[in-house]
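Shown below: model09.cif, with mmCIF, C-alpha atoms.
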data_data
#
loop_
_atom_site.group_PDB
_atom_site.id
_atom_site.type_symbol
_atom_site.label_atom_id
_atom_site.label_comp_id
_atom_site.auth_asym_id
_atom_site.auth_seq_id
_atom_site.Cartn_x
_atom_site.Cartn_y
_atom_site.Cartn_z
ATOM 1 C CA MET A 1 68.246 66.180 47.736
ATOM 2 C CA LYS A 2 71.760 67.583 47.631
ATOM 3 C CA ASN A 3 71.672 68.255 51.375
ATOM 4 C CA LYS A 4 71.161 64.564 52.084
ATOM 5 C CA LYS A 5 74.119 63.642 49.890
ATOM 6 C CA ILE A 6 76.561 65.808 51.813
ATOM 7 C CA LEU A 7 75.218 64.914 55.262
ATOM 8 C CA LEU A 8 77.390 61.790 55.621
ATOM 9 C CA PRO A 9 80.710 63.557 54.930
ATOM 10 C CA LEU A 10 79.719 66.383 57.270
ATOM 11 C CA VAL A 11 79.196 63.819 60.033
ATOM 12 C CA MET A 12 82.377 61.872 59.246
ATOM 13 C CA ILE A 13 84.710 64.869 59.549
ATOM 14 C CA PRO A 14 83.806 65.834 63.161
ATOM 15 C CA VAL A 15 83.838 62.174 64.231
ATOM 16 C CA GLY A 16 87.358 61.931 62.817
ATOM 17 C CA PHE A 17 88.405 65.012 64.804
ATOM 18 C CA ILE A 18 86.951 63.532 67.986
ATOM 19 C CA LEU A 19 88.734 60.215 67.471
ATOM 20 C CA ASN A 20 92.025 62.036 66.844
ATOM 21 C CA GLY A 21 91.500 63.990 70.051
ATOM 22 C CA ILE A 22 91.015 60.743 71.962
ATOM 23 C CA ALA A 23 94.145 59.308 70.354
ATOM 24 C CA TRP A 24 96.323 62.226 71.456
ATOM 25 C CA SER A 25 94.989 62.413 75.022
ATOM 26 C CA GLU A 26 97.078 60.541 77.541
ATOM 27 C CA ASN A 27 94.330 59.997 80.119
ATOM 28 C CA ILE A 28 92.011 57.886 77.970
ATOM 29 C CA GLY A 29 93.032 54.330 77.109
ATOM 30 C CA GLY A 30 96.431 52.860 76.444
ATOM 31 C CA PRO A 31 98.688 52.627 73.421
ATOM 32 C CA PHE A 32 96.478 50.061 71.691
ATOM 33 C CA ILE A 33 93.311 52.178 71.938
ATOM 34 C CA SER A 34 95.217 55.323 70.956
ATOM 35 C CA THR A 35 96.573 53.617 67.835
ATOM 36 C CA ILE A 36 93.130 52.410 66.779
ATOM 37 C CA CYS A 37 91.582 55.835 67.398
ATOM 38 C CA LEU A 38 94.351 57.560 65.438
ATOM 39 C CA CYS A 39 94.001 55.286 62.417
ATOM 40 C CA LEU A 40 90.205 55.446 62.380
ATOM 41 C CA GLY A 41 90.179 59.195 62.993
ATOM 42 C CA LEU A 42 92.603 59.994 60.197
ATOM 43 C CA GLY A 43 90.764 57.653 57.842
ATOM 44 C CA LEU A 44 87.396 59.232 58.586
ATOM 45 C CA LEU A 45 88.813 62.726 58.357
ATOM 46 C CA PHE A 46 90.488 62.307 54.971
ATOM 47 C CA PHE A 47 87.794 60.099 53.449
ATOM 48 C CA GLY A 48 85.082 62.475 54.659
ATOM 49 C CA PHE A 49 86.864 65.442 53.103
ATOM 50 C CA ILE A 50 87.349 63.648 49.776
ATOM 51 C CA LEU A 51 83.752 62.412 49.778
ATOM 52 C CA PHE A 52 82.529 65.933 50.544
ATOM 53 C CA ILE A 53 84.362 67.338 47.509
ATOM 54 C CA VAL A 54 83.146 64.534 45.226
ATOM 55 C CA ARG A 55 79.524 64.903 46.299
ATOM 56 C CA LEU A 56 79.609 68.683 45.894
ATOM 57 C CA ARG A 57 80.712 68.298 42.283
ATOM 58 C CA ASP A 58 77.779 65.977 41.431
#
Output the structure of this file as structure tokens.
Amino acid sequence: MKNKKILLPLVMIPVGFILNGIAWSENIGGPFISTICLCLGLGLLFFGFILFIVRLRD
């Protein structure tokens, strides 16, 4: 049961890394897409890390 609880944060963290990679690449999209990817990527990365710690403690 505990494995299912930490599956979501473990998926959110790599997705955040991928979105940050898209935001910092200059070949994909323009400034608007890069800004959206950066904000979503950082949000997923930090929230996934915090959620991972909280769900491990439970």
For this session: Determine the nearest neighbour of A:Phe17 from the options A:Cys39, A:Ile33, A:Ile50, A:Leu45, counting only C-alpha atoms.
Result: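 When distances to A:Phe17 are compared using only C-alpha atoms, the smallest one comes from A:Leu45.
With distances taken over all atoms listed in the file, A:Leu10 is the one residue among A:Gly30, A:Leu10, A:Lys4, A:Thr35 lying closest to A:Phe52.
Here atom CA of A:Val15 and atom CA of A:Arg57 stand 23.0 Å from one another.
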For this session: Tell me which residues the PyMOL selection byres ((chain A and resi 42) around 10) grabs here, as a list in words.
Result: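 That selection, the PyMOL selection byres ((chain A and resi 42) around 10), comes back as Ile13, Val15, Gly16, Phe17, Leu19, Asn20, Cys37, Leu38, Cys39, Leu40, Gly41, Gly43, Leu44, Leu45, Phe46, Phe47 and Gly48 of chain A.
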Problem set entry | Computed interatomic separation between atom CA of A:Arg55 and atom CA of A:Pro14 (Å) |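 These two atoms are separated by 17.4 Å.
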Problem set entry | Among listed residues A:Asn27, A:Val11, A:Gly21, A:Ser34, nearest A:Leu51 (using all atoms listed in the file) |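 Among A:Asn27, A:Val11, A:Gly21, A:Ser34, it is A:Val11 that comes nearest to A:Leu51.
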Exercise. Hey, which of A:Val54, A:Phe49, A:Glu26, A:Ile36 ends up closest to A:Met12? Count only C-alpha atoms.
Worked result: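 The shortest atom-to-atom distance to A:Met12 comes from A:Phe49.
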